[in-house]
Structures are given as C-alpha cells and as structure tokens.
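Structure file structure.pdb (PDB, C-alpha atoms) is printed below.
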ATOM      1  CA  MET F   1      -9.519  22.689  22.297
ATOM      2  CA  CYS F   2      -8.760  21.380  18.842
ATOM      3  CA  THR F   3     -11.727  19.160  18.052
ATOM      4  CA  TYR F   4     -10.120  17.595  14.958
ATOM      5  CA  ARG F   5     -13.586  16.456  13.837
ATOM      6  CA  THR F   6     -13.791  17.048  10.123
ATOM      7  CA  THR F   7     -16.271  16.025   7.469
ATOM      8  CA  VAL F   8     -14.950  15.811   3.930
ATOM      9  CA  LEU F   9     -17.409  15.561   1.046
ATOM     10  CA  ASP F  10     -17.422  15.792  -2.726
ATOM     11  CA  VAL F  11     -19.423  18.700  -4.107
ATOM     12  CA  ARG F  12     -20.193  20.214  -7.498
ATOM     13  CA  GLY F  13     -20.481  23.913  -8.224
ATOM     14  CA  SER F  14     -18.417  27.069  -8.356
ATOM     15  CA  GLY F  15     -16.869  29.320  -5.773
ATOM     16  CA  LYS F  16     -15.208  32.702  -5.893
ATOM     17  CA  GLY F  17     -11.843  32.830  -4.202
ATOM     18  CA  ALA F  18      -8.880  35.179  -4.128
ATOM     19  CA  GLN F  19      -8.166  34.513  -7.815
ATOM     20  CA  GLY F  20     -11.798  34.717  -9.011
ATOM     21  CA  TRP F  21     -14.267  31.993  -9.890
ATOM     22  CA  PHE F  22     -13.278  28.350 -10.022
ATOM     23  CA  PRO F  23     -15.079  24.972  -9.971
ATOM     24  CA  VAL F  24     -15.361  23.546  -6.444
ATOM     25  CA  THR F  25     -15.090  19.783  -6.075
ATOM     26  CA  ARG F  26     -14.607  19.186  -2.371
ATOM     27  CA  ALA F  27     -15.842  20.630   0.906
ATOM     28  CA  THR F  28     -14.553  20.218   4.435
ATOM     29  CA  VAL F  29     -16.661  21.106   7.472
ATOM     30  CA  TYR F  30     -15.194  21.284  10.960
ATOM     31  CA  LEU F  31     -15.731  22.893  14.336
ATOM     32  CA  ASP F  32     -12.327  24.110  15.401
ATOM     33  CA  HIS F  33     -10.196  27.152  16.072
ATOM     34  CA  PRO F  34     -10.719  29.783  13.397
ATOM     35  CA  VAL F  35      -7.829  31.605  11.748
ATOM     36  CA  HIS F  36      -9.544  34.982  11.594
ATOM     37  CA  ALA F  37     -12.930  35.040  13.368
ATOM     38  CA  PRO F  38     -12.546  36.287  16.962
ATOM     39  CA  TYR F  39     -14.025  33.191  18.607
ATOM     40  CA  GLU F  40     -12.481  30.330  20.491
ATOM     41  CA  HIS F  41     -14.226  27.914  18.128
ATOM     42  CA  ALA F  42     -16.004  28.424  14.837
ATOM     43  CA  LEU F  43     -17.862  26.294  12.360
ATOM     44  CA  ASN F  44     -15.475  26.313   9.444
ATOM     45  CA  VAL F  45     -16.272  25.459   5.853
ATOM     46  CA  ASP F  46     -13.665  25.192   3.109
ATOM     47  CA  LEU F  47     -14.787  24.861  -0.484
ATOM     48  CA  LEU F  48     -11.835  23.519  -2.420
ATOM     49  CA  ASN F  49     -10.539  22.303  -5.718
ATOM     50  CA  PRO F  50      -7.459  20.214  -4.901
ATOM     51  CA  ASP F  51      -6.537  19.940  -8.589
ATOM     52  CA  LEU F  52      -6.022  23.698  -8.754
ATOM     53  CA  GLY F  53      -3.808  23.928  -5.686
ATOM     54  CA  ALA F  54      -4.175  25.074  -2.095
ATOM     55  CA  GLY F  55      -5.109  28.618  -3.105
ATOM     56  CA  ALA F  56      -8.309  27.429  -4.822
ATOM     57  CA  ARG F  57     -10.312  27.833  -1.648
ATOM     58  CA  VAL F  58     -13.347  29.681  -0.381
ATOM     59  CA  ALA F  59     -13.195  29.760   3.398
ATOM     60  CA  LEU F  60     -15.912  30.548   5.938
ATOM     61  CA  GLU F  61     -15.538  30.796   9.707
ATOM     62  CA  LEU F  62     -18.943  31.246  11.355
ATOM     63  CA  ASP F  63     -20.032  31.394  14.958
ATOM     64  CA  PRO F  64     -21.999  28.180  15.567
ATOM     65  CA  ALA F  65     -25.406  29.900  15.802
ATOM     66  CA  SER F  66     -24.824  31.620  12.472
ATOM     67  CA  ALA F  67     -23.717  28.359  10.922
ATOM     68  CA  ARG F  68     -26.877  26.602  12.110
ATOM     69  CA  ALA F  69     -29.083  29.434  10.794
ATOM     70  CA  LEU F  70     -27.282  29.301   7.450
ATOM     71  CA  ALA F  71     -27.635  25.524   7.211
ATOM     72  CA  GLU F  72     -31.352  25.739   8.009
ATOM     73  CA  SER F  73     -31.804  28.525   5.435
ATOM     74  CA  ILE F  74     -30.124  26.403   2.780
ATOM     75  CA  LEU F  75     -32.378  23.440   3.569
ATOM     76  CA  SER F  76     -35.529  25.565   3.654
ATOM     77  CA  ALA F  77     -34.622  27.264   0.354
ATOM     78  CA  LEU F  78     -34.228  23.854  -1.255
ATOM     79  CA  ALA F  79     -37.432  22.574   0.350
ATOM     80  CA  ALA F  80     -39.405  25.612  -0.814
ATOM     81  CA  ALA F  81     -38.382  25.289  -4.453
ATOM     82  CA  PRO F  82     -41.274  24.517  -6.806
ATOM     83  CA  ALA F  83     -41.742  20.845  -7.518
ATOM     84  CA  GLY F  84     -39.598  19.723 -10.414
ATOM     85  CA  LEU F  85     -37.239  22.677 -10.286
ATOM     86  CA  VAL F  86     -34.507  21.135  -8.172
ATOM     87  CA  ALA F  87     -35.783  17.592  -7.740
ATOM     88  CA  ALA F  88     -33.948  16.399 -10.827
ATOM     89  CA  GLU F  89     -30.686  17.919  -9.626
ATOM     90  CA  LEU F  90     -31.204  16.589  -6.110
ATOM     91  CA  HIS F  91     -31.698  13.090  -7.387
ATOM     92  CA  GLU F  92     -29.094  13.196 -10.076
ATOM     93  CA  GLU F  93     -25.951  11.230  -9.299
ATOM     94  CA  PRO F  94     -22.869  13.454  -9.254
TER      95      PRO F  94
ATOM     96  CA  MET E   1      26.126  38.221  24.458
ATOM     97  CA  GLY E   2      24.544  40.684  22.067
ATOM     98  CA  ASP E   3      20.919  40.493  21.072
ATOM     99  CA  ALA E   4      21.219  40.785  17.287
ATOM    100  CA  MET E   5      19.406  38.028  15.441
ATOM    101  CA  TRP E   6      18.793  36.824  11.894
ATOM    102  CA  ALA E   7      15.462  35.350  10.902
ATOM    103  CA  GLY E   8      14.116  34.279   7.558
ATOM    104  CA  THR E   9      13.239  31.514   5.146
ATOM    105  CA  VAL E  10      15.729  28.751   4.395
ATOM    106  CA  SER E  11      15.562  25.389   2.671
ATOM    107  CA  LEU E  12      16.522  22.094   4.245
ATOM    108  CA  ALA E  13      16.439  18.420   3.277
ATOM    109  CA  GLY E  14      13.443  16.729   4.903
ATOM    110  CA  HIS E  15      12.034  13.230   4.711
ATOM    111  CA  GLY E  16      13.304  11.323   1.688
ATOM    112  CA  GLY E  17      15.725  14.141   0.906
ATOM    113  CA  ASP E  18      12.888  16.430  -0.221
ATOM    114  CA  ALA E  19      13.813  20.117  -0.181
ATOM    115  CA  ILE E  20      11.357  21.765   2.182
ATOM    116  CA  GLU E  21      10.825  25.342   3.236
ATOM    117  CA  ALA E  22      11.733  26.295   6.813
ATOM    118  CA  TYR E  23      11.958  29.384   8.982
ATOM    119  CA  LEU E  24      15.225  29.944  10.834
ATOM    120  CA  ALA E  25      15.972  32.331  13.688
ATOM    121  CA  ARG E  26      19.460  32.510  15.125
ATOM    122  CA  PRO E  27      21.649  34.783  17.213
ATOM    123  CA  LEU E  28      24.265  36.652  15.166
ATOM    124  CA  ASP E  29      27.034  36.834  17.734
ATOM    125  CA  PRO E  30      29.743  34.181  17.436
ATOM    126  CA  GLY E  31      29.194  31.641  20.190
ATOM    127  CA  SER E  32      28.117  28.159  21.076
ATOM    128  CA  TYR E  33      24.371  27.607  20.926
ATOM    129  CA  GLY E  34      21.885  24.884  21.612
ATOM    130  CA  ALA E  35      19.254  24.311  18.957
ATOM    131  CA  VAL E  36      15.507  23.742  18.784
ATOM    132  CA  VAL E  37      13.228  22.357  16.084
ATOM    133  CA  VAL E  38       9.870  24.115  16.302
ATOM    134  CA  ILE E  39       7.048  21.850  15.084
ATOM    135  CA  HIS E  40       4.118  23.954  13.944
ATOM    136  CA  HIS E  41       0.535  23.236  14.966
ATOM    137  CA  MET E  42      -2.240  22.010  12.697
ATOM    138  CA  PRO E  43      -3.139  25.561  11.525
ATOM    139  CA  GLY E  44       0.227  25.496   9.866
ATOM    140  CA  TYR E  45       3.444  27.349   9.299
ATOM    141  CA  ASP E  46       1.900  30.594  10.418
ATOM    142  CA  GLU E  47       2.807  33.944  11.941
ATOM    143  CA  ALA E  48       2.298  32.712  15.485
ATOM    144  CA  THR E  49       4.726  29.807  15.017
ATOM    145  CA  LYS E  50       7.314  32.022  13.345
ATOM    146  CA  GLU E  51       7.017  34.329  16.362
ATOM    147  CA  ILE E  52       7.770  31.396  18.677
ATOM    148  CA  THR E  53      10.784  30.570  16.479
ATOM    149  CA  ARG E  54      12.063  34.143  16.767
ATOM    150  CA  LYS E  55      11.489  34.097  20.538
ATOM    151  CA  LEU E  56      13.797  31.078  20.777
ATOM    152  CA  GLY E  57      16.369  32.873  18.620
ATOM    153  CA  ALA E  58      16.156  35.932  20.860
ATOM    154  CA  HIS E  59      16.813  33.699  23.868
ATOM    155  CA  GLY E  60      20.033  32.405  22.368
ATOM    156  CA  TYR E  61      19.004  29.262  20.502
ATOM    157  CA  LEU E  62      19.358  28.227  16.892
ATOM    158  CA  ALA E  63      15.713  27.610  16.042
ATOM    159  CA  VAL E  64      14.175  26.296  12.868
ATOM    160  CA  CYS E  65      10.554  25.563  11.980
ATOM    161  CA  PRO E  66      10.116  23.285   8.945
ATOM    162  CA  ASN E  67       6.979  23.850   6.889
ATOM    163  CA  LEU E  68       5.365  20.433   7.243
ATOM    164  CA  TYR E  69       2.929  21.301   4.447
ATOM    165  CA  SER E  70       5.674  22.161   1.928
ATOM    166  CA  ARG E  71       4.711  19.236  -0.267
ATOM    167  CA  GLU E  72       0.911  19.578  -0.266
ATOM    168  CA  ALA E  73       0.817  23.306  -0.749
ATOM    169  CA  PRO E  74       4.100  24.845  -1.899
ATOM    170  CA  GLY E  75       3.958  28.621  -1.807
ATOM    171  CA  ALA E  76       0.388  28.715  -0.488
ATOM    172  CA  SER E  77      -0.662  30.993   2.365
ATOM    173  CA  PRO E  78      -0.507  29.157   5.721
ATOM    174  CA  ASP E  79      -4.283  28.961   6.170
ATOM    175  CA  ASP E  80      -4.853  27.598   2.658
ATOM    176  CA  ALA E  81      -2.045  25.088   3.175
ATOM    177  CA  ALA E  82      -3.527  24.001   6.512
ATOM    178  CA  ALA E  83      -6.960  23.545   4.916
ATOM    179  CA  THR E  84      -5.428  21.393   2.201
ATOM    180  CA  ALA E  85      -3.477  19.308   4.694
ATOM    181  CA  ARG E  86      -6.570  18.833   6.867
ATOM    182  CA  ALA E  87      -8.600  17.574   3.905
ATOM    183  CA  LEU E  88      -5.798  15.127   3.097
ATOM    184  CA  GLY E  89      -5.674  13.726   6.630
ATOM    185  CA  GLY E  90      -2.757  15.618   8.154
ATOM    186  CA  VAL E  91       0.938  14.825   8.146
ATOM    187  CA  PRO E  92       1.880  11.107   8.139
ATOM    188  CA  ASP E  93       3.983  10.190  11.187
ATOM    189  CA  GLN E  94       6.834   8.676   9.213
ATOM    190  CA  ARG E  95       7.209  11.801   7.099
ATOM    191  CA  LEU E  96       7.085  13.997  10.192
ATOM    192  CA  VAL E  97       9.961  12.081  11.745
ATOM    193  CA  GLY E  98      11.926  12.415   8.502
ATOM    194  CA  ASP E  99      11.321  16.145   8.319
ATOM    195  CA  VAL E 100      12.334  16.659  11.960
ATOM    196  CA  ALA E 101      15.434  14.507  11.411
ATOM    197  CA  GLY E 102      16.348  16.757   8.479
ATOM    198  CA  ALA E 103      15.809  19.855  10.614
ATOM    199  CA  VAL E 104      17.996  18.385  13.371
ATOM    200  CA  GLU E 105      20.806  17.708  10.894
ATOM    201  CA  TYR E 106      20.424  21.190   9.458
ATOM    202  CA  LEU E 107      20.707  22.783  12.921
ATOM    203  CA  ARG E 108      23.740  20.692  13.855
ATOM    204  CA  SER E 109      25.442  21.859  10.665
ATOM    205  CA  LEU E 110      25.060  25.541  11.480
ATOM    206  CA  GLU E 111      28.051  27.583  12.572
ATOM    207  CA  GLY E 112      27.955  27.972  16.353
ATOM    208  CA  ALA E 113      25.881  24.843  16.976
ATOM    209  CA  ASN E 114      26.948  23.087  20.170
ATOM    210  CA  GLY E 115      25.408  19.810  18.951
ATOM    211  CA  LYS E 116      22.506  19.726  21.425
ATOM    212  CA  VAL E 117      19.039  19.728  19.857
ATOM    213  CA  ALA E 118      15.522  19.777  21.264
ATOM    214  CA  THR E 119      12.044  19.764  19.762
ATOM    215  CA  ILE E 120       9.037  21.806  20.824
ATOM    216  CA  GLY E 121       5.479  21.721  19.521
ATOM    217  CA  HIS E 122       1.989  22.792  20.440
ATOM    218  CA  CYS E 123      -1.301  20.981  19.855
ATOM    219  CA  SER E 124      -0.710  18.448  17.014
ATOM    220  CA  GLY E 125       2.923  19.598  17.195
ATOM    221  CA  GLY E 126       3.039  18.540  20.851
ATOM    222  CA  ARG E 127       2.220  14.983  19.864
ATOM    223  CA  GLN E 128       4.762  15.203  17.059
ATOM    224  CA  SER E 129       7.424  16.529  19.437
ATOM    225  CA  PHE E 130       6.918  13.415  21.590
ATOM    226  CA  LEU E 131       6.894  11.228  18.465
ATOM    227  CA  ALA E 132      10.183  12.748  17.273
ATOM    228  CA  ALA E 133      11.764  12.296  20.716
ATOM    229  CA  CYS E 134      10.761   8.618  20.667
ATOM    230  CA  SER E 135      12.106   8.142  17.142
ATOM    231  CA  LEU E 136      15.323  10.200  17.040
ATOM    232  CA  ALA E 137      18.298  10.750  19.330
ATOM    233  CA  LEU E 138      17.527  14.149  20.870
ATOM    234  CA  ASP E 139      18.645  16.054  23.958
ATOM    235  CA  ALA E 140      15.274  17.408  25.121
ATOM    236  CA  ALA E 141      11.662  17.647  23.981
ATOM    237  CA  VAL E 142       8.721  19.851  24.924
ATOM    238  CA  ASP E 143       5.141  18.698  24.435
ATOM    239  CA  CYS E 144       2.615  21.517  24.831
ATOM    240  CA  TYR E 145      -0.875  19.983  25.073
ATOM    241  CA  GLY E 146      -0.295  17.371  22.392
ATOM    242  CA  ALA E 147      -3.427  15.302  21.699
ATOM    243  CA  PHE E 148      -3.747  11.676  20.577
ATOM    244  CA  VAL E 149      -0.599  10.443  22.292
ATOM    245  CA  VAL E 150      -2.720   8.186  24.503
ATOM    246  CA  SER E 151      -6.090   7.934  22.695
ATOM    247  CA  PRO E 152      -6.956   7.818  18.992
ATOM    248  CA  PRO E 153      -8.556  10.782  17.178
ATOM    249  CA  PRO E 154     -12.377  10.868  16.941
ATOM    250  CA  ALA E 155     -13.776   8.327  14.496
ATOM    251  CA  ASP E 156     -14.988  11.069  12.165
ATOM    252  CA  SER E 157     -11.604  12.765  12.016
ATOM    253  CA  PRO E 158      -9.756  12.419   8.716
ATOM    254  CA  LEU E 159      -6.435  12.381  10.572
ATOM    255  CA  ARG E 160      -4.448   9.317   9.583
ATOM    256  CA  ILE E 161      -2.702   8.966  12.910
ATOM    257  CA  GLY E 162      -3.078   6.795  15.976
ATOM    258  CA  PRO E 163      -1.993   6.774  19.600
ATOM    259  CA  ILE E 164       1.747   6.507  20.263
ATOM    260  CA  LEU E 165       1.883   5.738  23.970
ATOM    261  CA  HIS E 166       3.559   2.425  23.147
ATOM    262  CA  LEU E 167       6.598   4.406  21.990
ATOM    263  CA  ALA E 168       7.212   5.779  25.503
ATOM    264  CA  SER E 169       9.868   3.129  26.145
ATOM    265  CA  ASP E 170      11.863   4.584  23.222
ATOM    266  CA  LEU E 171      11.909   8.179  24.518
ATOM    267  CA  SER E 172      15.490   9.304  23.941
ATOM    268  CA  CYS E 173      15.631  12.432  26.123
ATOM    269  CA  PRO E 174      14.031  14.368  29.007
ATOM    270  CA  LEU E 175      10.469  15.475  28.252
ATOM    271  CA  LEU E 176       8.773  18.657  29.460
ATOM    272  CA  GLY E 177       4.976  18.495  29.234
ATOM    273  CA  LEU E 178       2.787  21.578  29.626
ATOM    274  CA  PHE E 179      -0.967  21.025  29.846
ATOM    275  CA  GLY E 180      -4.226  22.762  30.744
ATOM    276  CA  ALA E 181      -6.487  21.268  33.396
ATOM    277  CA  ASP E 182      -9.549  22.231  31.324
ATOM    278  CA  ASP E 183      -8.293  20.641  28.109
ATOM    279  CA  LYS E 184     -10.048  17.634  26.582
ATOM    280  CA  TYR E 185      -7.455  16.935  23.860
ATOM    281  CA  PRO E 186      -5.501  15.796  25.841
ATOM    282  CA  SER E 187      -7.595  15.339  28.962
ATOM    283  CA  PRO E 188      -5.941  15.363  32.412
ATOM    284  CA  ALA E 189      -6.670  11.620  32.588
ATOM    285  CA  GLU E 190      -4.671  11.078  29.382
ATOM    286  CA  VAL E 191      -1.839  13.184  30.777
ATOM    287  CA  ARG E 192      -1.802  10.989  33.884
ATOM    288  CA  GLU E 193      -1.681   7.900  31.692
ATOM    289  CA  LEU E 194       1.310   9.295  29.821
ATOM    290  CA  GLU E 195       2.980  10.113  33.147
ATOM    291  CA  ALA E 196       2.417   6.549  34.344
ATOM    292  CA  ALA E 197       3.943   5.084  31.176
ATOM    293  CA  LEU E 198       6.992   7.341  31.424
ATOM    294  CA  SER E 199       7.451   6.448  35.107
ATOM    295  CA  GLU E 200       7.159   2.769  34.302
ATOM    296  CA  HIS E 201       9.969   3.080  31.779
ATOM    297  CA  ARG E 202      12.029   5.244  34.168
ATOM    298  CA  LYS E 203      12.107   8.179  31.782
ATOM    299  CA  VAL E 204      13.089  11.693  32.852
ATOM    300  CA  PHE E 205      10.104  14.021  32.568
ATOM    301  CA  GLU E 206       8.603  17.130  34.086
ATOM    302  CA  PHE E 207       4.892  17.823  33.680
ATOM    303  CA  HIS E 208       2.940  20.936  34.629
ATOM    304  CA  THR E 209      -0.863  21.068  34.431
ATOM    305  CA  TYR E 210      -2.304  24.550  34.866
ATOM    306  CA  GLU E 211      -5.637  25.145  36.568
ATOM    307  CA  GLY E 212      -7.937  27.564  34.769
ATOM    308  CA  ALA E 213      -6.220  26.900  31.457
ATOM    309  CA  GLY E 214      -7.430  24.835  28.532
ATOM    310  CA  HIS E 215      -6.080  23.948  25.142
ATOM    311  CA  ALA E 216      -3.841  26.532  23.432
ATOM    312  CA  PHE E 217      -3.218  28.629  26.558
ATOM    313  CA  PHE E 218       0.110  29.799  25.067
ATOM    314  CA  ALA E 219      -1.610  31.322  22.006
ATOM    315  CA  VAL E 220      -1.454  35.085  22.498
ATOM    316  CA  ASP E 221      -3.734  35.684  19.496
ATOM    317  CA  ARG E 222      -6.595  33.486  20.691
ATOM    318  CA  PRO E 223      -9.232  33.782  23.421
ATOM    319  CA  ALA E 224      -7.705  30.643  24.985
ATOM    320  CA  TYR E 225      -4.623  32.646  26.027
ATOM    321  CA  ARG E 226      -3.988  32.419  29.777
ATOM    322  CA  PRO E 227      -1.171  34.836  30.646
ATOM    323  CA  GLU E 228      -0.254  33.324  34.012
ATOM    324  CA  ALA E 229      -0.055  29.770  32.687
ATOM    325  CA  ALA E 230       1.811  30.906  29.579
ATOM    326  CA  ARG E 231       4.319  32.935  31.577
ATOM    327  CA  ASP E 232       4.997  30.093  33.960
ATOM    328  CA  GLY E 233       5.163  27.691  31.008
ATOM    329  CA  TRP E 234       7.743  29.809  29.214
ATOM    330  CA  ASP E 235       9.809  29.997  32.423
ATOM    331  CA  ALA E 236       9.678  26.204  32.617
ATOM    332  CA  ILE E 237      10.813  25.972  28.987
ATOM    333  CA  TRP E 238      13.768  28.319  29.506
ATOM    334  CA  SER E 239      14.852  26.460  32.627
ATOM    335  CA  PHE E 240      14.481  23.080  30.868
ATOM    336  CA  PHE E 241      16.472  24.162  27.814
ATOM    337  CA  ALA E 242      19.157  25.801  29.977
ATOM    338  CA  ARG E 243      19.650  22.442  31.722
ATOM    339  CA  HIS E 244      19.556  20.193  28.691
ATOM    340  CA  LEU E 245      20.867  22.215  25.745
ATOM    341  CA  ALA E 246      24.009  23.684  27.307
ATOM    342  CA  ALA E 247      27.252  22.388  25.837
TER     343      ALA E 247
END
Final structure tokens representation of the file:
Amino acid sequence: MCTYRTTVLDVRGSGKGAQGWFPVTRATVYLDHPVHAPYEHALNVDLLNPDLGAGARVALELDPASARALAESILSALAAAPAGLVAAELHEEP
Amino acid sequence: MGDAMWAGTVSLAGHGGDAIEAYLARPLDPGSYGAVVVIHHMPGYDEATKEITRKLGAHGYLAVCPNLYSREAPGASPDDAAATARALGGVPDQRLVGDVAGAVEYLRSLEGANGKVATIGHCSGGRQSFLAACSLALDAAVDCYGAFVVSPPPADSPLRIGPILHLASDLSCPLLGLFGADDKYPSPAEVRELEAALSEHRKVFEFHTYEGAGHAFFAVDRPAYRPEAARDGWDAIWSFFARHLAA
C-alpha cells in the first residue's frame, strides 16, 4: 500500500548528489514504495535543497531493518562522542 | 485498423493556462477515436505510467498523461520530481482539476478525436480520477485503488488533501473502480462506503474487488503485481471504455 506517512524536517549539512556536493536544508522520511530497491516497501530518506531545484537530492531506499540499524548507529555514534565535542552543536539552534 | 502508433512528449495548457509537459500516445491511422487522460500516481510521471499511456494508444485510444509536477520540478527526473512534490504536500486538488481539464481540451482538439473522453488513474491518481469526474463533464472514469476518497490522509502526512466523498452527487459519468481486498488505502470498508454513496445518488458504477490482491496490483514492476487481478482488471477497462468511449 502507499502509506503516505511522511516526516519533513529542516536539516543543516552537505550531501553529494548526481551533480556533486551541495548544502542540504531539508529531509523527508517516509515508509512507502521505493523507486529502485526491490522491496514492496522501503524506508526512504531524501536529503534536499529546494532552492537548488528537484535534482539537488540524495536519496536512500533501505529495507526497514537496515534503516533501523542505521538510525541506531547514528544515535550511538553521537552518544559515544567525547563530552564537549558535539554537545555544542547538538544544543545550538539552527 | 493498423497498429502503428505515435508516442512522445507534447505541451498542453493546464490549470491557469500554464504550459505543462505531457506524454501523448495515439494511433496513426485515420479514424475516429475515444480519448483517455492518464493521471500518474504519486511516484510521478514515470516509465510505468508512460507504458500505460502507450498501452491505451495501442488499443486505439488517444491517450495523454500530463506531468502534474511540471511546475515544481521542470525537467527533473521523475523520482526527483516526485520527492519534491511529496515534500511540498502533493498536488492541490484545484490545480489537478485544471490540469485534467486542459488535457481533456487538448485531446478533444486532436485530429480523429470522437469527442468522448475518460480519465484513469492509479493510487493517488485513482482519487484524482474520481475528483476529475466529479468536477468536469466526462464520459467515463476509472479509479484504480484511489485512497482518501472516503477518509482523510494520516495526520502525519504532508498531503494537503481531504476526503471527497461529498462530491459523489456531482459524478458526471460512469465510474469503474478496481480494488484489492488486501488494500488498506483504500480499505474494503471504504470501498463499500463509496459504493453506498454512489448508489444513493443513483450513479452508474461498476466495482471489482480482487481477493489476494493489495494496493498496486497492476504494477508489473513491483512485488505487489498480481497477474490474475491485473489481467481481469485490464479486461474490465477495455470493456468499459468500449461501451462508453465509442462515438
């Protein structure tokens, strides 16, 4: 089914897309039909910069277990960082 | 009738007179043809939808699929355009109706058009096919598992659309609905609710719900493909169009 559930959030950073590196400003996260991955549903992440056009996009289509493992790895990497190293960034207002 | 066909990109005037990209497939032999507007699904103006458009052309219809994301993402690849449109909340209903109206006018203007026009859409396009048929004077409409006709989208969906069951009284033409019994968007209960509303308003409709099939059972490039349901569904479509799009 199409789940249509989509989270949209503002982000800061850079991504590498078809045209090379660009600043990413927005992310969408949704569990829905993938375009390329051979699964009925995938956890899809788009990292976007709407100001640069639709082609400014880094796309991921992960099977849900992989997506969960990736999310947990991201959180544990942030949690394991030495005190003071990322705390300022984590608490800084975008 | 020969089987030669032309297919390719054209431009047509959509909502507000905007020039939008579209994909046309049409028989080449001189003749009198019914016409179909193909409304693409949420993943966009993609290869699969162009294939459906060509299939209609090969079966003797003038078929055109407007790129509903022409404005958000001109020239972008279909998946990038769909990602952009999703982040922006999808296609507004009023603009959809305007784009389909433009596609209908375009088809009626083509040489060989017999004046009869239908819409067909899958998934979000199924809802939009029903919406168009309730908003424009059409000759037939096909809704393939269109969600959010009866119920609103999930609260955390960015889609800026709502249910349109209240439009059932305005349906301008016969409606063919093709659904999967295992689908949740729309669920069989929602399909029954739509049936009840159409019956109440004495509308002409024909619904098929296929056991063992879920959402997107027509999609040959997805694991959801169910050959038996899809084959029967296509037969229902050809029979429906033969009845309602003949001159």
Discussion item. Since I can't run it myself right now, could you work out what the PyMOL selection byres ((chain E and resi 153-161) around 9) selects here and report it as a count of residues only?
Written reply: 21
Item to complete: Would you kindly translate the PyMOL selection byres ((chain E and resi 240) around 10) into the concrete residues it picks from this file, as number ranges by chain?
Response: E: 140-142, 174-176, 206, 234-239, 241-245
Discussion item. Distance cut-off 12 Å, counting all atoms listed in the file - which residues of chain F neighbour chain E? Return them as an MDAnalysis selection string.
Written reply: chainID F and resid 1:10 17:18 26:41 44:61
Fill in: Residues within 12 Å of Ser172 (chain E), only C-alpha atoms, excluding chain neighbours under 6 positions, as a PyMOL selection string
chain E and resi 117-119+129-141+198+201-205
Worksheet entry | Result set, the PyMOL selection byres ((chain F and resi 14) around 9) on current file, as an MDAnalysis selection string | chainID F and resid 12:13 15:16 21:25 47
Kindly save the residues from that selection, with C-alpha atoms included, as a short mmCIF file (atom, residue, chain, number, x, y, z; two decimals), keeping the file's coordinate frame.
data_model
loop_
_atom_site.label_atom_id
_atom_site.label_comp_id
_atom_site.auth_asym_id
_atom_site.auth_seq_id
_atom_site.Cartn_x
_atom_site.Cartn_y
_atom_site.Cartn_z
CA ARG F 12 -20.19 20.21 -7.50
CA GLY F 13 -20.48 23.91 -8.22
CA GLY F 15 -16.87 29.32 -5.77
CA LYS F 16 -15.21 32.70 -5.89
CA TRP F 21 -14.27 31.99 -9.89
CA PHE F 22 -13.28 28.35 -10.02
CA PRO F 23 -15.08 24.97 -9.97
CA VAL F 24 -15.36 23.55 -6.44
CA THR F 25 -15.09 19.78 -6.08
CA LEU F 47 -14.79 24.86 -0.48
#
Practice prompt. Can you work out the spacing between CA of Glu21 (chain E) and CA of Ile120 (chain E) in Å, to one decimal?
Written response: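 Straight-line distance from CA of Glu21 (chain E) to CA of Ile120 (chain E) works out to 18.0 Å.
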Hey, can I get the axis-aligned box for region 20-37 of chain F? All listed atoms, 4 Å padding on each side, centre and edge lengths in Å to one decimal, as lines of an AutoDock Vina configuration file.
center_x = -12.2
center_y = 27.1
center_z = 3.0
size_x = 16.8
size_y = 23.9
size_z = 34.1
Discussion item. Show me, as a PyMOL selection string, the residues that have an atom within 10 Å of Glu228 (chain E) when counting only C-alpha atoms, minus same-chain residues fewer than 4 positions from it.
Written reply: chain E and resi 210+212-213+217-218+232-234
Store the residues picked out above, limited to C-alpha atoms, as a compact mmCIF listing (two decimals), in the frame of the given file.
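Saved the output as again_22.txt:
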# COMPACT_ATOMS: atom_id res chain seq x y z
CA TYR E 210 -2.30 24.55 34.87
CA GLY E 212 -7.94 27.56 34.77
CA ALA E 213 -6.22 26.90 31.46
CA PHE E 217 -3.22 28.63 26.56
CA PHE E 218 0.11 29.80 25.07
CA ASP E 232 5.00 30.09 33.96
CA GLY E 233 5.16 27.69 31.01
CA TRP E 234 7.74 29.81 29.21
Response to the item:
CA of Gly125 (chain E) to CA of His40 (chain E) measures 5.6 Å
Worksheet item: What separation in Å, quoted to one decimal, exists between CA of Val97 (chain E) and CA of Ala58 (chain E)?
Response: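 Those two atoms sit 26.3 Å apart.
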Val38 (chain E): which residues within 10 Å, counting all atoms listed in the file, same-chain residues fewer than 3 positions away excluded, as a PDB file with C-alpha atoms, in the frame of the given file?
ATOM      1  CA  ALA E  22      11.733  26.295   6.813  1.00  0.00           C
ATOM      2  CA  TYR E  23      11.958  29.384   8.982  1.00  0.00           C
ATOM      3  CA  LEU E  24      15.225  29.944  10.834  1.00  0.00           C
ATOM      4  CA  ALA E  35      19.254  24.311  18.957  1.00  0.00           C
ATOM      5  CA  HIS E  41       0.535  23.236  14.966  1.00  0.00           C
ATOM      6  CA  THR E  49       4.726  29.807  15.017  1.00  0.00           C
ATOM      7  CA  LYS E  50       7.314  32.022  13.345  1.00  0.00           C
ATOM      8  CA  ILE E  52       7.770  31.396  18.677  1.00  0.00           C
ATOM      9  CA  THR E  53      10.784  30.570  16.479  1.00  0.00           C
ATOM     10  CA  LEU E  56      13.797  31.078  20.777  1.00  0.00           C
ATOM     11  CA  ALA E  63      15.713  27.610  16.042  1.00  0.00           C
ATOM     12  CA  VAL E  64      14.175  26.296  12.868  1.00  0.00           C
ATOM     13  CA  CYS E  65      10.554  25.563  11.980  1.00  0.00           C
ATOM     14  CA  PRO E  66      10.116  23.285   8.945  1.00  0.00           C
ATOM     15  CA  ASN E  67       6.979  23.850   6.889  1.00  0.00           C
ATOM     16  CA  VAL E 100      12.334  16.659  11.960  1.00  0.00           C
ATOM     17  CA  ALA E 103      15.809  19.855  10.614  1.00  0.00           C
ATOM     18  CA  ALA E 118      15.522  19.777  21.264  1.00  0.00           C
ATOM     19  CA  THR E 119      12.044  19.764  19.762  1.00  0.00           C
ATOM     20  CA  ILE E 120       9.037  21.806  20.824  1.00  0.00           C
ATOM     21  CA  GLY E 121       5.479  21.721  19.521  1.00  0.00           C
ATOM     22  CA  HIS E 122       1.989  22.792  20.440  1.00  0.00           C
ATOM     23  CA  GLY E 125       2.923  19.598  17.195  1.00  0.00           C
ATOM     24  CA  GLY E 126       3.039  18.540  20.851  1.00  0.00           C
ATOM     25  CA  SER E 129       7.424  16.529  19.437  1.00  0.00           C
ATOM     26  CA  VAL E 142       8.721  19.851  24.924  1.00  0.00           C
TER      27      VAL E 142
END
Discussion item. Excluding Arg192 (chain E) and its own-chain neighbours fewer than 5 positions away, which residues fall within 10 Å of it when counting all atoms listed in the file? Please give them as a ChimeraX atom specification.
Written reply: /E:150,187,197-198,207
